[in-house]
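Reproduced below: run_35.tsv, with TSV, C-alpha atoms.
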```
chain	number	residue	atom	x	y	z
A	87	MET	CA	17.65	-29.55	-6.70
A	88	ASN	CA	19.94	-28.65	-9.58
A	89	GLU	CA	21.10	-25.15	-10.49
A	90	ASP	CA	18.38	-24.58	-13.11
A	91	GLN	CA	15.64	-25.40	-10.64
A	92	ARG	CA	17.16	-23.24	-7.91
A	93	PHE	CA	17.42	-20.35	-10.33
A	94	GLU	CA	13.80	-20.82	-11.40
A	95	LEU	CA	12.68	-20.96	-7.76
A	96	LEU	CA	14.58	-17.77	-6.96
A	97	TYR	CA	12.98	-16.03	-9.92
A	98	GLN	CA	9.53	-17.06	-8.74
A	99	VAL	CA	10.24	-15.78	-5.23
A	100	GLY	CA	11.25	-12.40	-6.64
A	101	GLU	CA	8.21	-12.31	-8.88
A	102	GLU	CA	5.85	-13.18	-6.03
A	103	LEU	CA	7.32	-10.49	-3.76
A	104	LEU	CA	7.03	-7.88	-6.50
A	105	LYS	CA	3.44	-8.91	-7.28
A	106	ASP	CA	2.45	-8.63	-3.62
A	107	GLY	CA	3.63	-5.04	-3.35
A	108	ALA	CA	7.01	-5.32	-1.60
A	109	GLU	CA	9.31	-2.32	-2.04
A	110	LEU	CA	11.82	-2.74	-4.86
A	111	GLY	CA	14.85	-2.41	-2.58
A	112	ARG	CA	13.45	-5.08	-0.32
A	113	VAL	CA	12.88	-7.51	-3.20
A	114	GLU	CA	16.45	-6.90	-4.34
A	115	THR	CA	18.01	-7.59	-0.93
A	116	THR	CA	15.86	-10.66	-0.26
A	117	VAL	CA	16.70	-12.14	-3.65
A	118	ALA	CA	20.41	-11.38	-3.21
A	119	TYR	CA	20.50	-13.08	0.21
A	120	LEU	CA	18.66	-16.09	-1.15
A	121	ALA	CA	21.02	-16.34	-4.13
A	122	GLU	CA	23.84	-16.76	-1.67
A	123	SER	CA	22.01	-19.53	0.17
A	124	PHE	CA	21.09	-21.14	-3.15
A	125	GLU	CA	24.78	-21.11	-4.11
A	126	LEU	CA	24.24	-19.35	-7.42
A	127	GLN	CA	27.42	-17.79	-8.82
A	128	GLU	CA	27.86	-14.37	-10.44
A	129	PHE	CA	24.27	-13.69	-9.61
A	130	SER	CA	22.85	-10.36	-10.70
A	131	CYS	CA	19.34	-9.03	-10.91
A	132	PHE	CA	17.66	-5.89	-12.10
A	133	ILE	CA	14.24	-5.25	-10.68
A	134	MET	CA	11.75	-2.84	-12.12
A	135	ILE	CA	8.30	-2.08	-10.96
A	136	ASN	CA	6.78	-4.34	-13.61
A	137	GLY	CA	9.49	-6.78	-14.47
A	138	ILE	CA	12.52	-8.71	-13.24
A	139	PHE	CA	15.75	-9.54	-15.08
A	140	MET	CA	17.92	-12.17	-13.48
A	141	THR	CA	21.15	-13.87	-14.53
A	142	CYS	CA	23.70	-16.20	-12.99
A	143	ARG	CA	26.52	-18.48	-14.16
A	144	LYS	CA	26.34	-22.23	-13.83
A	145	HIS	CA	29.29	-24.36	-12.72
A	146	ASN	CA	29.87	-25.57	-16.30
A	147	GLY	CA	30.17	-21.94	-17.48
A	148	ASP	CA	26.72	-21.56	-19.07
A	149	VAL	CA	24.73	-18.45	-18.29
A	150	LEU	CA	21.18	-18.71	-16.98
A	151	ALA	CA	18.92	-15.74	-17.64
A	152	LYS	CA	15.26	-14.96	-17.35
A	153	ASN	CA	13.07	-11.94	-17.72
A	154	LYS	CA	9.35	-11.54	-17.56
A	155	GLU	CA	6.74	-8.87	-17.19
A	156	VAL	CA	5.01	-8.76	-13.82
A	157	PRO	CA	1.66	-7.00	-13.45
A	158	LEU	CA	1.69	-3.91	-11.21
A	159	ALA	CA	1.28	-4.86	-7.57
A	160	THR	CA	-1.89	-5.46	-5.61
A	161	VAL	CA	-0.93	-5.35	-1.94
A	162	GLN	CA	-0.94	-8.76	-0.21
A	163	LEU	CA	1.13	-8.42	2.91
A	164	ASP	CA	0.55	-11.94	4.26
A	165	LYS	CA	2.53	-13.48	1.41
A	166	ILE	CA	5.38	-11.01	1.89
A	167	ASP	CA	5.42	-11.91	5.57
A	168	ALA	CA	5.50	-15.65	4.86
A	169	ILE	CA	8.28	-15.38	2.27
A	170	ASN	CA	10.26	-13.13	4.60
A	171	ASP	CA	9.81	-15.62	7.41
A	172	PHE	CA	11.15	-18.68	5.65
A	173	SER	CA	13.83	-16.73	3.78
A	174	ARG	CA	15.21	-15.84	7.21
A	175	LYS	CA	15.05	-19.48	8.23
A	176	LEU	CA	16.85	-20.55	5.06
A	177	THR	CA	19.67	-18.02	5.39
A	178	ALA	CA	20.07	-19.09	9.03
A	179	LYS	CA	20.24	-22.69	7.71
A	180	LYS	CA	17.25	-23.79	9.79
A	181	ILE	CA	15.48	-25.29	6.76
A	182	SER	CA	16.74	-26.89	3.55
A	183	ILE	CA	16.22	-25.56	0.04
A	184	ALA	CA	13.76	-28.38	-0.66
A	185	ALA	CA	11.69	-27.41	2.39
A	186	PHE	CA	11.84	-23.77	1.29
A	187	SER	CA	10.57	-24.73	-2.14
A	188	ARG	CA	7.70	-26.78	-0.65
A	189	GLN	CA	6.61	-23.98	1.66
A	190	PHE	CA	6.88	-21.41	-1.10
A	191	ASN	CA	4.68	-23.40	-3.46
A	192	GLN	CA	2.16	-23.84	-0.69
A	193	ILE	CA	1.77	-20.11	-0.02
A	194	LYS	CA	1.68	-19.39	-3.74
A	195	GLN	CA	-1.43	-21.51	-4.07
A	196	ASP	CA	-2.90	-20.70	-0.70
A	197	TYR	CA	-5.55	-18.10	-1.09
A	198	GLN	CA	-8.01	-17.40	1.68
A	199	PRO	CA	-10.46	-14.67	0.76
A	200	GLN	CA	-11.67	-14.08	4.39
A	201	LEU	CA	-14.70	-12.33	2.92
A	202	LYS	CA	-16.52	-11.42	6.14
A	203	ARG	CA	-13.45	-9.79	7.60
A	204	GLN	CA	-12.74	-7.90	4.37
A	205	PHE	CA	-16.31	-6.59	4.20
A	206	LEU	CA	-16.08	-5.33	7.76
A	207	ALA	CA	-12.72	-3.71	7.02
A	208	TYR	CA	-14.05	-1.85	3.97
A	209	CYS	CA	-17.00	-0.52	6.02
A	210	LEU	CA	-14.88	0.57	8.99
A	211	GLY	CA	-12.16	1.96	6.72
A	212	SER	CA	-14.61	4.20	4.86
A	213	ALA	CA	-16.22	5.36	8.11
A	214	SER	CA	-12.87	6.11	9.78
A	215	PHE	CA	-11.37	8.01	6.88
A	216	CYS	CA	-14.56	10.06	6.59
A	217	ILE	CA	-13.81	11.27	10.14
A	218	ILE	CA	-10.10	11.80	9.44
A	219	PHE	CA	-10.98	14.08	6.54
A	220	ASN	CA	-13.14	16.23	8.83
A	221	GLY	CA	-16.44	14.40	8.37
A	222	THR	CA	-19.01	14.36	11.17
A	223	LEU	CA	-20.24	11.24	12.97
A	224	PRO	CA	-23.50	11.00	10.96
A	225	GLU	CA	-21.51	11.37	7.73
A	226	SER	CA	-19.16	8.65	8.83
A	227	PHE	CA	-22.13	6.41	9.59
A	228	ALA	CA	-23.40	6.98	6.06
A	229	ALA	CA	-19.92	6.29	4.67
A	230	LEU	CA	-20.13	2.88	6.33
A	231	PHE	CA	-22.71	1.88	3.73
A	232	LEU	CA	-20.60	3.27	0.91
A	233	GLY	CA	-17.76	1.08	2.19
A	234	LEU	CA	-20.13	-1.88	2.19
A	235	PHE	CA	-21.04	-1.19	-1.43
A	236	MET	CA	-17.36	-0.82	-2.34
A	237	ALA	CA	-16.54	-4.16	-0.73
A	238	PHE	CA	-19.36	-5.82	-2.63
A	239	TYR	CA	-18.26	-4.24	-5.91
A	240	LEU	CA	-14.52	-4.84	-5.54
A	241	LEU	CA	-14.57	-8.26	-3.86
A	242	ILE	CA	-17.60	-9.97	-5.37
A	243	LEU	CA	-18.58	-8.30	-8.62
A	244	THR	CA	-15.36	-7.19	-10.35
A	245	PRO	CA	-13.47	-10.49	-10.12
A	246	LYS	CA	-16.31	-11.92	-12.26
A	247	LEU	CA	-16.40	-9.01	-14.69
A	248	LYS	CA	-12.64	-9.03	-15.43
A	249	LEU	CA	-12.47	-5.26	-15.97
A	250	SER	CA	-9.32	-3.41	-16.92
A	251	LYS	CA	-7.80	-1.24	-14.21
A	252	ILE	CA	-9.04	1.93	-15.84
A	253	SER	CA	-12.65	0.85	-16.24
A	254	LEU	CA	-12.59	-0.68	-12.75
A	255	ASN	CA	-11.58	2.62	-11.15
A	256	ILE	CA	-13.95	4.72	-13.25
A	257	SER	CA	-16.94	2.44	-12.68
A	258	ALA	CA	-16.28	1.98	-8.94
A	259	SER	CA	-15.94	5.70	-8.26
A	260	PHE	CA	-18.90	6.48	-10.50
A	261	LEU	CA	-21.22	4.02	-8.76
A	262	VAL	CA	-20.12	4.95	-5.25
A	263	SER	CA	-20.65	8.66	-6.00
A	264	ILE	CA	-24.12	7.94	-7.39
A	265	LEU	CA	-24.88	6.16	-4.12
A	266	ALA	CA	-23.43	9.09	-2.15
A	267	GLN	CA	-25.67	11.47	-4.14
A	268	ILE	CA	-28.72	9.38	-3.32
A	269	ILE	CA	-27.85	9.42	0.40
A	270	HIS	CA	-27.21	13.16	0.16
A	271	GLY	CA	-30.60	13.55	-1.53
A	272	PHE	CA	-32.40	11.89	1.38
A	273	PHE	CA	-30.31	13.59	4.08
A	274	PRO	CA	-29.23	16.97	2.66
A	275	TRP	CA	-27.38	18.01	5.83
A	276	LEU	CA	-24.70	15.38	5.18
A	277	LYS	CA	-21.85	16.93	3.17
A	278	LEU	CA	-21.49	15.27	-0.22
A	279	SER	CA	-17.70	15.69	-0.41
A	280	SER	CA	-17.20	13.88	2.93
A	281	LEU	CA	-19.36	11.00	1.74
A	282	VAL	CA	-17.48	10.70	-1.55
A	283	ILE	CA	-14.10	10.75	0.23
A	284	GLY	CA	-15.25	7.95	2.55
A	285	GLY	CA	-16.46	5.98	-0.44
A	286	ILE	CA	-13.38	6.21	-2.64
A	287	ILE	CA	-10.70	5.90	0.06
A	288	ALA	CA	-10.02	2.26	-0.83
A	289	LEU	CA	-9.22	3.26	-4.43
A	290	VAL	CA	-6.97	6.32	-4.03
A	291	PRO	CA	-3.29	5.64	-4.82
A	292	GLY	CA	-1.72	7.38	-1.81
A	293	ILE	CA	0.91	4.78	-1.05
A	294	SER	CA	1.92	4.33	-4.66
A	295	ILE	CA	2.61	8.03	-5.17
A	296	VAL	CA	4.79	8.18	-2.05
A	297	ASN	CA	6.61	5.02	-3.13
A	298	GLY	CA	7.07	6.45	-6.61
A	299	ILE	CA	8.74	9.58	-5.25
A	300	ARG	CA	10.87	7.40	-2.98
A	301	TYR	CA	12.09	5.36	-5.96
A	302	LEU	CA	12.93	8.59	-7.79
A	303	PHE	CA	15.03	9.73	-4.84
A	304	ASN	CA	16.68	6.34	-4.86
A	305	GLU	CA	17.86	7.11	-8.41
A	306	ASP	CA	15.54	4.47	-9.79
A	307	TYR	CA	14.05	6.78	-12.40
A	308	PRO	CA	12.22	4.30	-14.65
A	309	SER	CA	10.35	2.63	-11.78
A	310	GLY	CA	9.75	5.89	-9.97
A	311	LEU	CA	8.26	7.54	-13.03
A	312	ALA	CA	6.19	4.46	-13.81
A	313	GLN	CA	4.81	4.36	-10.27
A	314	VAL	CA	4.01	8.09	-10.16
A	315	THR	CA	2.38	7.92	-13.59
A	316	ASP	CA	0.32	4.94	-12.49
A	317	ALA	CA	-0.88	6.88	-9.44
A	318	LEU	CA	-1.77	9.89	-11.60
A	319	VAL	CA	-3.69	7.76	-14.09
A	320	ILE	CA	-5.65	6.04	-11.32
A	321	SER	CA	-6.51	9.31	-9.60
A	322	LEU	CA	-7.64	10.80	-12.92
A	323	CYS	CA	-9.88	7.78	-13.47
A	324	ILE	CA	-11.39	8.20	-9.99
A	325	ALA	CA	-11.92	11.93	-10.51
A	326	PHE	CA	-13.48	11.21	-13.88
A	327	GLY	CA	-15.86	8.66	-12.34
A	328	VAL	CA	-16.88	11.03	-9.54
A	329	GLY	CA	-17.22	13.94	-11.98
A	330	LEU	CA	-19.41	11.86	-14.27
A	331	ALA	CA	-21.71	11.01	-11.36
A	332	LEU	CA	-22.02	14.66	-10.29
A	333	TRP	CA	-22.72	15.68	-13.88
A	334	THR	CA	-25.36	12.97	-14.29
A	335	PHE	CA	-27.19	14.21	-11.19
A	336	ASP	CA	-26.95	17.81	-12.34
A	337	LEU	CA	-28.73	16.82	-15.54
A	338	LEU	CA	-31.62	15.19	-13.68
B	156	MET	CA	-10.89	17.17	23.47
B	157	PHE	CA	-13.61	14.94	22.11
B	158	ALA	CA	-12.58	15.89	18.58
B	159	ILE	CA	-9.00	14.77	19.21
B	160	PHE	CA	-10.16	11.51	20.73
B	161	LEU	CA	-12.42	10.95	17.74
B	162	GLN	CA	-9.54	11.61	15.33
B	163	LEU	CA	-7.24	9.18	17.12
B	164	ALA	CA	-9.95	6.52	17.34
B	165	ALA	CA	-10.62	6.95	13.62
B	166	ALA	CA	-6.89	6.66	12.87
B	167	PHE	CA	-6.72	3.43	14.86
B	168	LEU	CA	-9.78	1.92	13.20
B	169	GLY	CA	-8.76	3.17	9.77
B	170	THR	CA	-5.27	1.72	9.96
B	171	PHE	CA	-6.63	-1.48	11.45
B	172	SER	CA	-9.13	-1.79	8.59
B	173	PHE	CA	-6.54	-1.19	5.92
B	174	ALA	CA	-4.28	-3.75	7.57
B	175	ILE	CA	-7.11	-6.22	6.92
B	176	ILE	CA	-7.73	-4.96	3.37
B	177	PHE	CA	-4.01	-5.38	2.58
B	178	LYS	CA	-4.26	-8.95	3.94
B	179	THR	CA	-1.83	-8.47	6.81
B	180	PRO	CA	-1.48	-11.56	9.02
B	181	SER	CA	-3.89	-11.14	11.94
B	182	LYS	CA	-1.13	-11.14	14.57
B	183	TYR	CA	-0.02	-7.70	13.33
B	184	TYR	CA	-3.42	-5.95	13.25
B	185	VAL	CA	-3.12	-4.23	16.63
B	186	ALA	CA	0.51	-3.20	16.12
B	187	CYS	CA	-0.41	-1.65	12.75
B	188	GLY	CA	-3.35	0.16	14.32
B	189	LEU	CA	-1.24	1.56	17.15
B	190	ILE	CA	1.52	2.70	14.80
B	191	GLY	CA	-1.04	4.45	12.61
B	192	THR	CA	-2.61	6.13	15.64
B	193	ILE	CA	0.69	7.45	16.98
B	194	GLY	CA	1.72	8.65	13.52
B	195	TRP	CA	-1.53	10.51	13.04
B	196	GLY	CA	-1.31	11.93	16.58
B	197	VAL	CA	2.17	13.31	15.86
B	198	TYR	CA	0.93	14.73	12.56
B	199	LEU	CA	-2.00	16.53	14.23
B	200	LEU	CA	0.21	17.82	17.04
B	201	ILE	CA	2.75	19.35	14.66
B	202	MET	CA	0.04	20.74	12.41
B	203	ALA	CA	-1.50	22.44	15.47
B	204	ALA	CA	1.83	23.73	16.78
B	205	MET	CA	3.63	24.77	13.58
B	206	HIS	CA	0.92	24.93	10.88
B	207	SER	CA	3.39	23.41	8.45
B	208	LEU	CA	2.32	20.59	6.18
B	209	PHE	CA	5.93	19.86	5.29
B	210	ALA	CA	7.15	19.59	8.90
B	211	ALA	CA	4.13	17.54	9.95
B	212	SER	CA	4.57	15.05	7.10
B	213	LEU	CA	8.32	14.83	7.60
B	214	ILE	CA	8.32	14.29	11.34
B	215	SER	CA	5.31	11.99	11.43
B	216	SER	CA	6.71	9.76	8.70
B	217	PHE	CA	10.04	9.68	10.52
B	218	VAL	CA	8.24	8.60	13.70
B	219	LEU	CA	6.29	6.02	11.69
B	220	ILE	CA	9.35	4.42	10.16
B	221	VAL	CA	11.12	4.28	13.53
B	222	LEU	CA	8.07	2.63	15.10
B	223	SER	CA	7.71	0.27	12.13
B	224	ARG	CA	11.34	-0.82	12.38
B	225	PHE	CA	10.96	-1.25	16.11
B	226	ALA	CA	7.85	-3.40	15.58
B	227	ALA	CA	9.59	-5.34	12.82
B	228	TYR	CA	12.50	-6.26	15.10
B	229	ASN	CA	10.24	-7.21	17.97
B	230	LEU	CA	7.53	-9.09	16.10
B	231	LYS	CA	9.92	-10.52	13.48
B	232	GLY	CA	7.91	-9.28	10.50
B	233	PRO	CA	9.05	-7.26	7.51
B	234	VAL	CA	9.13	-3.46	7.98
B	235	THR	CA	6.98	-3.05	4.85
B	236	ILE	CA	3.91	-4.44	6.63
B	237	PHE	CA	3.93	-1.90	9.45
B	238	LEU	CA	4.96	0.97	7.20
B	239	VAL	CA	2.39	0.41	4.45
B	240	CYS	CA	-0.47	0.19	6.96
B	241	GLY	CA	0.84	2.86	9.33
B	242	ILE	CA	1.37	5.64	6.78
B	243	PHE	CA	-2.07	5.23	5.29
B	244	CYS	CA	-3.47	8.19	7.27
B	245	ILE	CA	-0.70	10.52	6.14
B	246	VAL	CA	-0.21	9.64	2.47
B	247	PRO	CA	-1.80	12.21	0.17
B	248	GLY	CA	-4.28	9.81	-1.45
B	249	ILE	CA	-7.22	12.19	-1.18
B	250	GLY	CA	-4.85	15.04	-2.03
B	251	ILE	CA	-3.98	13.53	-5.39
B	252	TYR	CA	-7.65	12.77	-5.98
B	253	ASN	CA	-8.40	16.46	-5.33
B	254	VAL	CA	-5.80	17.47	-7.91
B	255	ALA	CA	-7.40	15.19	-10.49
B	256	HIS	CA	-10.85	16.43	-9.47
B	257	ASN	CA	-9.81	20.09	-9.94
B	258	PHE	CA	-8.27	19.12	-13.25
B	259	VAL	CA	-11.37	17.44	-14.68
B	260	SER	CA	-13.57	20.28	-13.43
B	261	ASN	CA	-11.38	22.87	-15.23
B	262	ASP	CA	-10.19	24.53	-12.02
B	263	PHE	CA	-6.53	24.64	-13.06
B	264	ASN	CA	-5.33	27.16	-10.46
B	265	GLN	CA	-6.64	25.02	-7.65
B	266	ALA	CA	-5.23	21.89	-9.34
B	267	PHE	CA	-1.80	23.53	-9.39
B	268	THR	CA	-1.99	24.63	-5.73
B	269	ASN	CA	-3.17	21.20	-4.60
B	270	GLY	CA	-0.61	19.50	-6.81
B	271	ILE	CA	2.25	21.44	-5.24
B	272	SER	CA	1.06	20.54	-1.76
B	273	VAL	CA	0.81	16.84	-2.70
B	274	LEU	CA	4.35	17.02	-4.05
B	275	LYS	CA	5.51	18.71	-0.84
B	276	VAL	CA	3.94	16.01	1.31
B	277	CYS	CA	5.52	13.28	-0.83
B	278	LEU	CA	8.95	14.89	-0.62
B	279	ALA	CA	8.65	15.36	3.14
B	280	MET	CA	7.61	11.75	3.60
B	281	THR	CA	10.41	10.52	1.36
B	282	LEU	CA	12.95	12.44	3.46
B	283	GLY	CA	11.39	11.29	6.72
B	284	ILE	CA	11.41	7.65	5.65
B	285	ALA	CA	14.97	7.93	4.27
B	286	PHE	CA	16.25	9.42	7.56
B	287	GLY	CA	14.45	6.69	9.51
B	288	TYR	CA	16.05	3.98	7.39
B	289	GLU	CA	19.49	5.53	7.93
B	290	LEU	CA	19.34	4.90	11.68
B	291	PRO	CA	21.66	2.01	12.52
B	292	ALA	CA	20.06	-1.39	13.02
B	293	LYS	CA	22.02	-1.78	16.27
B	294	LEU	CA	19.83	0.87	17.87
B	295	PHE	CA	16.73	-1.27	17.41
B	296	ILE	CA	18.42	-4.42	18.59
B	297	LYS	CA	19.48	-2.59	21.74
B	298	LEU	CA	15.98	-1.24	22.27
B	299	LYS	CA	14.68	-4.77	22.04
B	300	LYS	CA	16.87	-5.80	24.95
```
Is it possible to express this structure as structure tokens?
Amino acid sequence: MNEDQRFELLYQVGEELLKDGAELGRVETTVAYLAESFELQEFSCFIMINGIFMTCRKHNGDVLAKNKEVPLATVQLDKIDAINDFSRKLTAKKISIAAFSRQFNQIKQDYQPQLKRQFLAYCLGSASFCIIFNGTLPESFAALFLGLFMAFYLLILTPKLKLSKISLNISASFLVSILAQIIHGFFPWLKLSSLVIGGIIALVPGISIVNGIRYLFNEDYPSGLAQVTDALVISLCIAFGVGLALWTFDLL
Amino acid sequence: MFAIFLQLAAAFLGTFSFAIIFKTPSKYYVACGLIGTIGWGVYLLIMAAMHSLFAASLISSFVLIVLSRFAAYNLKGPVTIFLVCGIFCIVPGIGIYNVAHNFVSNDFNQAFTNGISVLKVCLAMTLGIAFGYELPAKLFIKLKK
């Protein structure tokens, strides 16, 4: 592989890690280690939460540079794990750059939805977090069905609808709260707030707000502010969706 | 006693489920679940003993990052995997939702109070995680042996 191709490959690795929700510092160190193995000179990169800038100097003196916007992350830890695994192998010189490139392209395309497992996880997740936020066992059992609905909506329906992030969060929290209201209507002794919390737990941006504050403390102010703002916008959308559902039921 | 058991079981199942939702490789499911359970156990313990949200968030996130690094060295996975799944019980996701909920329902005093506590939790977790990352890598390599 020539320098241009190695540079392009490195850029794609960084982009993939960022897209899959790796921490910024981690993307930076991984890319820097790989640049050494790829024998790229005067390599420098600047990573933001939604974009990467990368430059290096070729042997003939030309400068290679690339920047691109990357959509905000959706967490996909299996890809991070795979990239981490063969980056380690490459830096330890156990595999060649060509093999690295082959494996990387494979995991980039590889997408296994594992739908059954995901459905189960959404159900159990909603039920468990209902308990953690002081719900009772019957409430948690009801939240199981809210989780099931959420899985159906987020995994089956929305990929077809191609909604924006804002309308996705508003509609999901609206629908799940309507469902929670209906359950509450049939079984009034189940607390509505516990049901709603169980339902929306998969949407709330808890990890992004903590990461945002961490970036701020790391003196990465643009990314930190962007991440915190993103978390605030998402939580406002969720609250708006839930509020709309409560209001609708009050009218009836 | 039953309540505590229920909480810990919920923490295990919850972390386990979110490990699946975040598409963690299946070999890490149980480790993630255990880390989440211990983290939540520490959080509950400190909340019961000291009644301090800040201390509970700080110490439990410190414990979580230490456990995550330990797991990362032993299972040869990135720390991010164990951390992202493990801290899910402690992160103020519902807290920030509550702030937004108070805000849209015009309850600004409550929004402010809740907002400050979310900020406190975030700061505590940031400090806890930062301290945990400062620990020398040698320590974990030794523990492995």
_Can you pull out the residues contacting range 144-158 of chain A? Cut-off 7 Å, using all atoms listed in the file, and skip same-chain residues under 3 positions away; I want them as a list in words._
Glu89, Glu101, Lys105, Gln127, Ile135, Asn136, Gly137, Ile138, Phe139, Met140 and Thr141 of chain A
Could the residues of chain A that have an atom at most 7 Å from chain B be listed as CSV, each with its closest atom pair and the distance in Å to one decimal, counting all atoms listed in the file and ordered by chain and ascending residue number?
```
residue,atom,partner,partner_atom,distance
A:Ala108,CA,B:Thr235,CA,6.8
A:Val161,CA,B:Phe177,CA,5.5
A:Gln162,CA,B:Lys178,CA,5.3
A:Leu163,CA,B:Thr179,CA,4.9
A:Asp164,CA,B:Thr179,CA,4.9
A:Asp167,CA,B:Gly232,CA,6.1
A:Asn170,CA,B:Pro233,CA,6.7
A:Gln204,CA,B:Ile176,CA,5.9
A:Ala207,CA,B:Ser172,CA,4.4
A:Tyr208,CA,B:Ser172,CA,6.7
A:Leu210,CA,B:Ser172,CA,6.2
A:Gly211,CA,B:Gly169,CA,4.7
A:Ser214,CA,B:Ala165,CA,4.5
A:Phe215,CA,B:Gly169,CA,6.2
A:Ile217,CA,B:Ala165,CA,6.4
A:Ile218,CA,B:Gln162,CA,5.9
A:Val290,CA,B:Gly248,CA,5.1
A:Pro291,CA,B:Gly248,CA,5.5
A:Gly292,CA,B:Gly248,CA,3.5
A:Ile293,CA,B:Val246,CA,6.1
A:Val296,CA,B:Cys277,CA,5.3
A:Ile299,CA,B:Cys277,CA,6.6
A:Arg300,CA,B:Thr281,CA,5.4
A:Ser321,CA,B:Tyr252,CA,5.1
A:Leu322,CA,B:Ala255,CA,5.0
A:Ala325,CA,B:His256,CA,4.7
A:Phe326,CA,B:Val259,CA,6.6
```
*At a cut-off of 6 Å from (12.6, 1.0, -14.1) in the coordinates of the file, what residues are picked up using all atoms listed in the file, written as an MDAnalysis selection string?*
chainID A and resid 134 308:309
*Determine, counting only C-alpha atoms, which protein, DNA and RNA residues have an atom within 8 Å of an atom of Ala159 in chain A; residues of the same chain fewer than 3 positions away are not included. Present the result as a VMD selection string.*
chain A and resid 104 to 107
I need the chosen residues saved as a PDB file, in the frame of the given file, with C-alpha atoms.
```
ATOM      1  CA  LEU A 104       7.030  -7.880  -6.500  1.00  0.00           C
ATOM      2  CA  LYS A 105       3.440  -8.910  -7.280  1.00  0.00           C
ATOM      3  CA  ASP A 106       2.450  -8.630  -3.620  1.00  0.00           C
ATOM      4  CA  GLY A 107       3.630  -5.040  -3.350  1.00  0.00           C
TER       5      GLY A 107
END
```
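For the pair CA of Leu265 in chain A and CA of Gly270 in chain B, the separation is 27.8 Å.
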*If we count only C-alpha atoms, what is near Pro224 in chain A at a cut-off of 12 Å, once residues fewer than 5 positions away on the same chain are taken out, given as a VMD selection string?*
chain A and resid 213 to 214 216 to 217 229 to 231 269 to 270 273 to 277 280 to 281
Save out the residues we just selected, C-alpha atoms, as an mmCIF file, in the frame of the given file.
```
data_model
loop_
_atom_site.group_PDB
_atom_site.id
_atom_site.type_symbol
_atom_site.label_atom_id
_atom_site.label_comp_id
_atom_site.auth_asym_id
_atom_site.auth_seq_id
_atom_site.Cartn_x
_atom_site.Cartn_y
_atom_site.Cartn_z
ATOM 1 C CA ALA A 213 -16.220 5.360 8.110
ATOM 2 C CA SER A 214 -12.870 6.110 9.780
ATOM 3 C CA CYS A 216 -14.560 10.060 6.590
ATOM 4 C CA ILE A 217 -13.810 11.270 10.140
ATOM 5 C CA ALA A 229 -19.920 6.290 4.670
ATOM 6 C CA LEU A 230 -20.130 2.880 6.330
ATOM 7 C CA PHE A 231 -22.710 1.880 3.730
ATOM 8 C CA ILE A 269 -27.850 9.420 0.400
ATOM 9 C CA HIS A 270 -27.210 13.160 0.160
ATOM 10 C CA PHE A 273 -30.310 13.590 4.080
ATOM 11 C CA PRO A 274 -29.230 16.970 2.660
ATOM 12 C CA TRP A 275 -27.380 18.010 5.830
ATOM 13 C CA LEU A 276 -24.700 15.380 5.180
ATOM 14 C CA LYS A 277 -21.850 16.930 3.170
ATOM 15 C CA SER A 280 -17.200 13.880 2.930
ATOM 16 C CA LEU A 281 -19.360 11.000 1.740
#
```
*Near-Thr315 in chain A list (9 Å; only C-alpha atoms; drop same-chain fewer than 5 positions) as a ChimeraX atom specification*: /A:295,298,310,320
Those selected residues, please, written with C-alpha atoms and delivered as an mmCIF file, in the frame of the given file.
```
data_model
loop_
_atom_site.group_PDB
_atom_site.id
_atom_site.type_symbol
_atom_site.label_atom_id
_atom_site.label_comp_id
_atom_site.auth_asym_id
_atom_site.auth_seq_id
_atom_site.Cartn_x
_atom_site.Cartn_y
_atom_site.Cartn_z
ATOM 1 C CA ILE A 295 2.610 8.030 -5.170
ATOM 2 C CA GLY A 298 7.070 6.450 -6.610
ATOM 3 C CA GLY A 310 9.750 5.890 -9.970
ATOM 4 C CA ILE A 320 -5.650 6.040 -11.320
#
```
*Gap from CA of Val328 in chain A to CA of Val262 in chain A - Å, one decimal*: 8.1 Å
*To one decimal in Å, tell me the separation between CA of Val99 in chain A and CA of Glu114 in chain A.*
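CA of Glu114 in chain A lies 10.9 Å from CA of Val99 in chain A.
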*Quick one: residues within 12 Å of Val197 in chain B, all atoms listed in the file counted, chain neighbours fewer than 4 positions away excluded, as a list in words?*
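Neighbouring residues, sequence-local ones excluded: Ile159, Gln162, Leu163, Ala166, Ile190, Gly191, Thr192, Ile193, Ile201, Met202, Ala203, Ala204, Met205, Ala210, Ala211, Ser212, Leu213, Ile214, Ser215, Ser216, Phe217, Val218, Leu219, Ile242, Cys244 and Ile245 of chain B.
Counting all atoms listed in the file and comparing B:Ala226, B:Ile271, B:Ala266, B:Ile220, the residue that lies closest to Glu289 in chain B is B:Ile220.
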Find the smallest box with edges along x, y and z containing every listed atom of range 280-293 of chain B, then add 5 Å on each side and report centre and edge lengths in Å to one decimal, as lines of an AutoDock Vina configuration file.
```
center_x = 14.8
center_y = 5.3
center_z = 8.8
size_x = 24.4
size_y = 24.2
size_z = 24.9
```
